[in-house]
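Okay, so here's the structure we're looking at.
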Amino acid sequence: MSFTPPDHAPTAKAIKDAAHSLHGRVVKTPCLALSNSRIATFLPQDCAAVMKLELFQNAGSFKARGALLSVDALTPEQREKGVTAISAGNHALAVSWACQAEGVSAKVVMPRSADPVRVRGCEAMGAEIVLTRDIHEGFEEMDRIVREEGRVAIHPFEGECLTLGTATCGRELMHEAPDLDAIIVPVGGGGLIGGIGLAAKYANPTIEIIGVEPSGADALTKSLQTGDVLQIDKVDTIADSLGSPKTLPYSFGIAQAVVDDVVRIDDSAMLRAMTIIYDSLKLVTEPACAAATAALIGPLKYRMTNKRVGVIACGANIGEDKFNHFIQQGREQL
């Protein structure tokens, strides 16, 4: 079986070049076999699962890859004016980190509901923070900053640099676990699953790429159903890193080509998975980071029987108080 990417998608060579560009500048995160007896009891029968630990990445999530490539792509004039971004946390942290590393000014827009530890993290890396009522207002504010200040917007999921960044993660995973039958990927706007799916399909056209969305933030599911980009009316999930209110043409076009299925999970499933991951592996995750595992031990459990499966642990930027509160709630789900 062959794989035909959309015309606008990065080539396999472009992904390889991006990986070489990032070598030594981002973390080549490890893959962990989910084989210890404490977590194996929750997995599908005879499932060989590996977890790609992007929570160990610079700035705490996979977002560092695309953010650094985006800063690399700035012209000298754009570097002088600086950048802006909209994010509930992980993308904001990644842009702040990349700009600090490259000596570029960052003005980051975040909703007031963002975890305070993320806001403080951005400030500690020298970014100027603008807080807005919600993510919808945040996108409007980012657009205003671009118009009035001339800053370049580094979008959280839309564009070639972001796709190339996530594709380097997928490329690493396929090198480390080349025999996978499926990869389960958390979905916000669709940039992560698009890049990972693209790299994976180039390496193995038959691999199954499955997205996981919160039920209260399911823009990609609805876009795939209608065949076009759209904006949902309301985002309602504890997984703020997956809380994109819309899909956009570039990333959605790639997602259409590489995504085989998307499943939806509720917040309680992520709380349960966070608790299982903490108890079994002693890893501190945010809800989004636990989403792929939640799908594997939940709605995908029987489908993944006898399969070799990769799960993406996308990030872990969460404050201690919030994490402890979520774990307490998660124990009620076990």
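So you can find residues: chains in the structure tokens are A, B, ... in the order shown, residues in each start at 1, and ligands are numbered from 1 in order.
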
So which bits of range 75-136 of chain A end up helix (DSSP H, G or I) when you DSSP the backbone, as a PyMOL selection string? chain A and resi 76-81+90-102+116-124+135-136

Pick out the residues sitting within 8 Å of Val95 in chain A, and hand them over as a short mmCIF file (atom, residue, chain, number, x, y, z; two decimals) with C-alpha atoms, in the first residue's frame; count only C-alpha atoms, and ignore anything fewer than 3 positions along from it in its own chain.
data_model
loop_
_atom_site.label_atom_id
_atom_site.label_comp_id
_atom_site.auth_asym_id
_atom_site.auth_seq_id
_atom_site.Cartn_x
_atom_site.Cartn_y
_atom_site.Cartn_z
CA ALA A 64 9.32 23.13 21.56
CA ALA A 67 8.40 26.74 18.05
CA LEU A 68 12.14 26.60 17.48
CA ALA A 85 1.35 33.48 20.21
CA HIS A 91 2.68 26.50 23.16
CA ALA A 92 3.17 29.70 25.15
CA ALA A 98 12.52 29.30 21.76
CA CYS A 99 12.57 33.10 21.78
CA ALA A 106 7.91 37.24 22.75
CA ILE A 154 3.52 31.71 15.74
#

Would you please extract all strand (DSSP E) residues from range 118-328 of chain A, as assigned by DSSP on the backbone, and give them as a ChimeraX atom specification? /A:128-132,152-153,182-186,208-214,261-265,308-313

Counting only C-alpha atoms, closest pick from A:Ser268, A:Ser244, A:Thr305, A:Gln100 relative to Phe326 in chain A is A:Ser268

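For the atom pair formed by CA of Arg112 in chain A and CA of Asp240 in chain A, the distance is 11.6 Å, given to one decimal.
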
Which residues are close to range 190-199 of chain A, i.e. within 7 Å by only C-alpha atoms, leaving aside same-chain residues fewer than 6 positions away? Reply as a VMD selection string. chain A and resid 12 157 to 158 162 to 164 166 to 167 169 to 171 209 211 220 251 to 252 254 to 255 258 to 259

Residue among A:Cys122, A:Ala59, A:Ile210, A:Ala49 lying closest to Gly315 in chain A, counting only C-alpha atoms: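 Among the listed residues, the smallest separation from Gly315 in chain A belongs to A:Ala59.
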
Within 9 Å of Ile276 in chain A, counting only C-alpha atoms, which residues qualify if same-chain residues fewer than 6 places away don't, as a PyMOL selection string? chain A and resi 38-39+42+330-331+334

Could you take the residues named above and write them with C-alpha atoms, as a PDB file, in the first residue's frame?
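Just written: result_23.pdb:
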ATOM      1  CA  ARG A  38       1.425  -2.344  37.484  1.00  0.00           C
ATOM      2  CA  ILE A  39       0.310  -0.785  34.206  1.00  0.00           C
ATOM      3  CA  PHE A  42      -4.937  -2.048  32.447  1.00  0.00           C
ATOM      4  CA  GLY A 330      -8.861  10.233  39.461  1.00  0.00           C
ATOM      5  CA  ARG A 331      -8.747   7.824  42.372  1.00  0.00           C
ATOM      6  CA  LEU A 334     -10.557   3.536  39.772  1.00  0.00           C
TER       7      LEU A 334
END

Distance query Ser96 in chain A at most 12 Å, only C-alpha atoms, self and fewer than 3 positions along chain excluded, as an mmCIF file with N, CA, C and O atoms, in the first residue's frame:
data_model
loop_
_atom_site.group_PDB
_atom_site.id
_atom_site.type_symbol
_atom_site.label_atom_id
_atom_site.label_comp_id
_atom_site.auth_asym_id
_atom_site.auth_seq_id
_atom_site.Cartn_x
_atom_site.Cartn_y
_atom_site.Cartn_z
ATOM 1 N N ASN A 58 12.187 20.016 26.027
ATOM 2 C CA ASN A 58 12.390 21.407 26.438
ATOM 3 C C ASN A 58 11.039 22.105 26.559
ATOM 4 O O ASN A 58 10.135 21.884 25.750
ATOM 5 N N ALA A 59 10.901 22.937 27.581
ATOM 6 C CA ALA A 59 9.662 23.671 27.859
ATOM 7 C C ALA A 59 8.505 22.752 28.218
ATOM 8 O O ALA A 59 7.363 23.193 28.282
ATOM 9 N N GLY A 60 8.777 21.453 28.411
ATOM 10 C CA GLY A 60 7.779 20.547 28.960
ATOM 11 C C GLY A 60 6.806 19.928 27.996
ATOM 12 O O GLY A 60 5.859 19.259 28.431
ATOM 13 N N LYS A 63 5.769 20.879 21.864
ATOM 14 C CA LYS A 63 5.648 22.164 21.180
ATOM 15 C C LYS A 63 6.997 22.846 20.930
ATOM 16 O O LYS A 63 7.120 23.691 20.030
ATOM 17 N N ALA A 64 8.012 22.497 21.713
ATOM 18 C CA ALA A 64 9.319 23.133 21.556
ATOM 19 C C ALA A 64 9.877 22.927 20.155
ATOM 20 O O ALA A 64 10.586 23.790 19.624
ATOM 21 N N ALA A 67 8.111 25.353 17.665
ATOM 22 C CA ALA A 67 8.395 26.740 18.054
ATOM 23 C C ALA A 67 9.803 27.144 17.636
ATOM 24 O O ALA A 67 10.017 28.246 17.112
ATOM 25 N N LEU A 68 10.765 26.270 17.836
ATOM 26 C CA LEU A 68 12.143 26.595 17.477
ATOM 27 C C LEU A 68 12.300 26.692 15.961
ATOM 28 O O LEU A 68 12.971 27.605 15.460
ATOM 29 N N VAL A 71 10.916 30.099 14.911
ATOM 30 C CA VAL A 71 11.837 31.207 15.183
ATOM 31 C C VAL A 71 13.000 31.176 14.194
ATOM 32 O O VAL A 71 13.443 32.218 13.694
ATOM 33 N N GLY A 82 9.853 40.885 16.811
ATOM 34 C CA GLY A 82 9.431 39.879 17.770
ATOM 35 C C GLY A 82 8.229 39.092 17.318
ATOM 36 O O GLY A 82 7.704 39.277 16.212
ATOM 37 N N VAL A 83 7.766 38.199 18.190
ATOM 38 C CA VAL A 83 6.670 37.296 17.844
ATOM 39 C C VAL A 83 5.572 37.375 18.893
ATOM 40 O O VAL A 83 5.744 37.928 19.980
ATOM 41 N N THR A 84 4.439 36.793 18.546
ATOM 42 C CA THR A 84 3.341 36.630 19.478
ATOM 43 C C THR A 84 2.754 35.241 19.285
ATOM 44 O O THR A 84 3.017 34.572 18.278
ATOM 45 N N ALA A 85 1.967 34.806 20.271
ATOM 46 C CA ALA A 85 1.352 33.481 20.207
ATOM 47 C C ALA A 85 0.150 33.461 21.123
ATOM 48 O O ALA A 85 0.046 34.260 22.061
ATOM 49 N N ILE A 86 -0.768 32.520 20.864
ATOM 50 C CA ILE A 86 -1.930 32.298 21.719
ATOM 51 C C ILE A 86 -1.877 30.866 22.221
ATOM 52 O O ILE A 86 -1.654 29.937 21.442
ATOM 53 N N SER A 87 -2.071 30.696 23.529
ATOM 54 C CA SER A 87 -1.946 29.349 24.085
ATOM 55 C C SER A 87 -2.434 29.325 25.517
ATOM 56 O O SER A 87 -2.256 30.289 26.264
ATOM 57 N N GLY A 89 -1.018 27.337 27.461
ATOM 58 C CA GLY A 89 0.166 27.042 28.249
ATOM 59 C C GLY A 89 1.330 26.420 27.520
ATOM 60 O O GLY A 89 2.421 26.986 27.478
ATOM 61 N N ASN A 90 1.170 25.238 26.927
ATOM 62 C CA ASN A 90 2.315 24.524 26.374
ATOM 63 C C ASN A 90 2.948 25.253 25.196
ATOM 64 O O ASN A 90 4.174 25.363 25.102
ATOM 65 N N HIS A 91 2.137 25.763 24.288
ATOM 66 C CA HIS A 91 2.676 26.504 23.156
ATOM 67 C C HIS A 91 3.284 27.821 23.630
ATOM 68 O O HIS A 91 4.336 28.248 23.136
ATOM 69 N N ALA A 92 2.631 28.454 24.590
ATOM 70 C CA ALA A 92 3.173 29.697 25.150
ATOM 71 C C ALA A 92 4.546 29.452 25.765
ATOM 72 O O ALA A 92 5.491 30.236 25.560
ATOM 73 N N LEU A 93 4.677 28.380 26.511
ATOM 74 C CA LEU A 93 5.963 28.050 27.121
ATOM 75 C C LEU A 93 7.007 27.739 26.063
ATOM 76 O O LEU A 93 8.166 28.156 26.163
ATOM 77 N N CYS A 99 12.179 31.703 21.934
ATOM 78 C CA CYS A 99 12.572 33.101 21.780
ATOM 79 C C CYS A 99 13.710 33.463 22.728
ATOM 80 O O CYS A 99 14.632 34.197 22.362
ATOM 81 N N GLN A 100 13.653 32.950 23.950
ATOM 82 C CA GLN A 100 14.759 33.191 24.878
ATOM 83 C C GLN A 100 16.056 32.595 24.325
ATOM 84 O O GLN A 100 17.118 33.233 24.369
ATOM 85 N N ALA A 101 15.967 31.386 23.769
ATOM 86 C CA ALA A 101 17.158 30.720 23.233
ATOM 87 C C ALA A 101 17.763 31.478 22.064
ATOM 88 O O ALA A 101 18.985 31.483 21.874
ATOM 89 N N GLU A 102 16.898 32.152 21.284
ATOM 90 C CA GLU A 102 17.352 32.817 20.066
ATOM 91 C C GLU A 102 17.427 34.330 20.189
ATOM 92 O O GLU A 102 17.699 35.021 19.211
ATOM 93 N N GLY A 103 17.148 34.883 21.368
ATOM 94 C CA GLY A 103 17.256 36.318 21.578
ATOM 95 C C GLY A 103 16.189 37.128 20.875
ATOM 96 O O GLY A 103 16.460 38.230 20.376
ATOM 97 N N VAL A 104 14.956 36.618 20.836
ATOM 98 C CA VAL A 104 13.836 37.275 20.165
ATOM 99 C C VAL A 104 12.769 37.629 21.205
ATOM 100 O O VAL A 104 12.499 36.845 22.121
ATOM 101 N N SER A 105 12.143 38.793 21.061
ATOM 102 C CA SER A 105 11.078 39.219 21.971
ATOM 103 C C SER A 105 9.809 38.401 21.734
ATOM 104 O O SER A 105 9.408 38.169 20.601
ATOM 105 N N ALA A 106 9.163 38.002 22.838
ATOM 106 C CA ALA A 106 7.912 37.242 22.750
ATOM 107 C C ALA A 106 6.820 37.931 23.562
ATOM 108 O O ALA A 106 7.042 38.310 24.714
ATOM 109 N N LYS A 107 5.647 38.084 22.946
ATOM 110 C CA LYS A 107 4.459 38.602 23.630
ATOM 111 C C LYS A 107 3.380 37.543 23.500
ATOM 112 O O LYS A 107 2.861 37.303 22.409
ATOM 113 N N VAL A 108 3.051 36.901 24.615
ATOM 114 C CA VAL A 108 2.238 35.692 24.595
ATOM 115 C C VAL A 108 0.855 35.970 25.186
ATOM 116 O O VAL A 108 0.734 36.555 26.265
ATOM 117 N N VAL A 109 -0.183 35.527 24.472
ATOM 118 C CA VAL A 109 -1.561 35.685 24.911
ATOM 119 C C VAL A 109 -2.031 34.376 25.539
ATOM 120 O O VAL A 109 -1.884 33.305 24.945
ATOM 121 N N ARG A 118 2.179 27.817 34.483
ATOM 122 C CA ARG A 118 2.539 28.050 33.086
ATOM 123 C C ARG A 118 2.776 29.538 32.835
ATOM 124 O O ARG A 118 3.708 29.913 32.112
ATOM 125 N N VAL A 119 1.923 30.377 33.398
ATOM 126 C CA VAL A 119 2.101 31.826 33.243
ATOM 127 C C VAL A 119 3.442 32.252 33.832
ATOM 128 O O VAL A 119 4.219 32.984 33.202
ATOM 129 N N ARG A 120 3.738 31.765 35.028
ATOM 130 C CA ARG A 120 5.007 32.112 35.665
ATOM 131 C C ARG A 120 6.191 31.576 34.863
ATOM 132 O O ARG A 120 7.249 32.222 34.778
ATOM 133 N N GLY A 121 6.015 30.401 34.271
ATOM 134 C CA GLY A 121 7.087 29.832 33.461
ATOM 135 C C GLY A 121 7.421 30.694 32.258
ATOM 136 O O GLY A 121 8.594 30.894 31.924
ATOM 137 N N CYS A 122 6.392 31.225 31.600
ATOM 138 C CA CYS A 122 6.608 32.113 30.453
ATOM 139 C C CYS A 122 7.299 33.404 30.893
ATOM 140 O O CYS A 122 8.239 33.882 30.242
ATOM 141 N N GLU A 123 6.836 33.950 31.996
ATOM 142 C CA GLU A 123 7.441 35.185 32.511
ATOM 143 C C GLU A 123 8.907 34.957 32.873
ATOM 144 O O GLU A 123 9.759 35.818 32.623
ATOM 145 N N ALA A 124 9.205 33.799 33.438
ATOM 146 C CA ALA A 124 10.581 33.504 33.838
ATOM 147 C C ALA A 124 11.520 33.422 32.639
ATOM 148 O O ALA A 124 12.728 33.651 32.779
ATOM 149 N N MET A 125 10.960 33.114 31.468
ATOM 150 C CA MET A 125 11.774 33.058 30.254
ATOM 151 C C MET A 125 11.754 34.374 29.483
ATOM 152 O O MET A 125 12.195 34.442 28.340
ATOM 153 N N GLY A 126 11.222 35.416 30.104
ATOM 154 C CA GLY A 126 11.311 36.749 29.530
ATOM 155 C C GLY A 126 10.164 37.175 28.647
ATOM 156 O O GLY A 126 10.207 38.262 28.057
ATOM 157 N N ALA A 127 9.117 36.363 28.541
ATOM 158 C CA ALA A 127 7.985 36.721 27.683
ATOM 159 C C ALA A 127 7.069 37.725 28.377
ATOM 160 O O ALA A 127 6.898 37.692 29.599
ATOM 161 N N GLU A 128 6.476 38.613 27.584
ATOM 162 C CA GLU A 128 5.421 39.504 28.069
ATOM 163 C C GLU A 128 4.095 38.757 27.941
ATOM 164 O O GLU A 128 3.800 38.190 26.893
ATOM 165 N N ILE A 129 3.279 38.784 28.999
ATOM 166 C CA ILE A 129 2.046 38.005 29.022
ATOM 167 C C ILE A 129 0.832 38.929 28.921
ATOM 168 O O ILE A 129 0.760 39.952 29.610
ATOM 169 N N ILE A 154 3.177 33.129 15.825
ATOM 170 C CA ILE A 154 3.520 31.707 15.743
ATOM 171 C C ILE A 154 2.302 30.942 16.225
ATOM 172 O O ILE A 154 1.990 30.911 17.419
#

Which residue of A:Gly310, A:Ala292, A:Pro111, A:Gln256 approaches Glu140 in chain A most closely, using only C-alpha atoms: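 Ranking A:Gly310, A:Ala292, A:Pro111, A:Gln256 by distance to Glu140 in chain A, first place goes to A:Pro111.
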
Which residues, written as a PyMOL selection string, have at least one atom at most 9 Å from Ser280 in chain A, with only C-alpha atoms counted and residues fewer than 2 positions away on the same chain left out? chain A and resi 36-39+275-278+282-283

Contacts of Cys31 in chain A at 10 Å or less, counting only C-alpha atoms, minus same-chain residues fewer than 6 places along, as a ChimeraX atom specification? /A:49-54,172-173,176-177,310-313

Any chance you could export the current selection's all heavy atoms as a tab-separated table (two decimals), in the first residue's frame?
chain	number	residue	atom	x	y	z
A	49	ALA	N	2.76	-1.99	24.06
A	49	ALA	CA	2.62	-0.54	23.95
A	49	ALA	C	3.90	0.17	24.37
A	49	ALA	O	4.59	-0.26	25.30
A	49	ALA	CB	1.46	-0.05	24.82
A	50	VAL	N	4.22	1.24	23.65
A	50	VAL	CA	5.35	2.09	24.00
A	50	VAL	C	4.85	3.53	24.11
A	50	VAL	O	3.96	3.95	23.36
A	50	VAL	CB	6.51	2.01	22.99
A	50	VAL	CG1	7.10	0.61	22.96
A	50	VAL	CG2	6.07	2.44	21.60
A	51	MET	N	5.42	4.26	25.04
A	51	MET	CA	5.02	5.65	25.28
A	51	MET	C	6.17	6.57	24.88
A	51	MET	O	7.28	6.45	25.39
A	51	MET	CB	4.65	5.85	26.75
A	51	MET	CG	4.21	7.26	27.11
A	51	MET	SD	3.79	7.42	28.89
A	51	MET	CE	2.21	6.57	28.95
A	52	LYS	N	5.90	7.50	23.96
A	52	LYS	CA	6.87	8.50	23.55
A	52	LYS	C	6.79	9.66	24.54
A	52	LYS	O	5.78	10.37	24.62
A	52	LYS	CB	6.57	8.97	22.13
A	52	LYS	CG	7.51	10.05	21.58
A	52	LYS	CD	8.92	9.57	21.39
A	52	LYS	CE	9.72	10.58	20.55
A	52	LYS	NZ	11.18	10.34	20.65
A	53	LEU	N	7.87	9.87	25.31
A	53	LEU	CA	7.83	10.74	26.47
A	53	LEU	C	8.19	12.18	26.12
A	53	LEU	O	9.21	12.72	26.55
A	53	LEU	CB	8.77	10.18	27.54
A	53	LEU	CG	8.38	8.80	28.08
A	53	LEU	CD1	9.48	8.22	28.93
A	53	LEU	CD2	7.08	8.87	28.87
A	54	GLU	N	7.29	12.84	25.39
A	54	GLU	CA	7.52	14.24	25.05
A	54	GLU	C	7.34	15.18	26.24
A	54	GLU	O	7.67	16.36	26.15
A	54	GLU	CB	6.61	14.66	23.90
A	54	GLU	CG	7.09	14.22	22.54
A	54	GLU	CD	8.40	14.90	22.12
A	54	GLU	OE1	8.37	16.10	21.79
A	54	GLU	OE2	9.45	14.23	22.14
A	172	GLU	N	11.19	10.20	15.03
A	172	GLU	CA	11.92	9.55	16.12
A	172	GLU	C	11.20	8.29	16.59
A	172	GLU	O	11.83	7.24	16.79
A	172	GLU	CB	12.08	10.50	17.30
A	172	GLU	CG	13.08	11.62	17.09
A	172	GLU	CD	13.18	12.56	18.27
A	172	GLU	OE1	12.61	12.23	19.35
A	172	GLU	OE2	13.80	13.61	18.14
A	173	LEU	N	9.89	8.38	16.78
A	173	LEU	CA	9.12	7.24	17.24
A	173	LEU	C	9.24	6.07	16.28
A	173	LEU	O	9.43	4.92	16.71
A	173	LEU	CB	7.66	7.64	17.44
A	173	LEU	CG	6.69	6.51	17.83
A	173	LEU	CD1	7.12	5.83	19.12
A	173	LEU	CD2	5.26	7.05	17.96
A	176	GLU	N	12.55	4.41	16.65
A	176	GLU	CA	12.70	3.70	17.91
A	176	GLU	C	11.78	2.48	18.00
A	176	GLU	O	12.11	1.51	18.69
A	176	GLU	CB	12.42	4.66	19.07
A	176	GLU	CG	13.45	5.78	19.18
A	176	GLU	CD	12.92	7.02	19.88
A	176	GLU	OE1	11.70	7.10	20.12
A	176	GLU	OE2	13.72	7.92	20.17
A	177	ALA	N	10.64	2.53	17.33
A	177	ALA	CA	9.66	1.43	17.36
A	177	ALA	C	9.11	1.23	15.95
A	177	ALA	O	7.97	1.58	15.65
A	177	ALA	CB	8.55	1.75	18.35
A	310	GLY	N	1.91	2.69	19.73
A	310	GLY	CA	2.61	3.84	20.29
A	310	GLY	C	1.62	4.83	20.85
A	310	GLY	O	0.58	5.10	20.23
A	311	VAL	N	1.87	5.36	22.04
A	311	VAL	CA	1.04	6.41	22.62
A	311	VAL	C	1.92	7.63	22.86
A	311	VAL	O	3.08	7.50	23.29
A	311	VAL	CB	0.34	5.97	23.92
A	311	VAL	CG1	-0.66	4.86	23.63
A	311	VAL	CG2	1.34	5.51	24.97
A	312	ILE	N	1.40	8.79	22.57
A	312	ILE	CA	2.15	10.03	22.71
A	312	ILE	C	1.80	10.69	24.03
A	312	ILE	O	0.65	11.04	24.28
A	312	ILE	CB	1.85	11.01	21.55
A	312	ILE	CG1	2.08	10.32	20.20
A	312	ILE	CG2	2.71	12.27	21.68
A	312	ILE	CD1	3.49	9.87	19.95
A	313	ALA	N	2.81	10.82	24.90
A	313	ALA	CA	2.67	11.58	26.14
A	313	ALA	C	3.18	12.99	25.85
A	313	ALA	O	4.38	13.25	25.87
A	313	ALA	CB	3.47	10.92	27.26
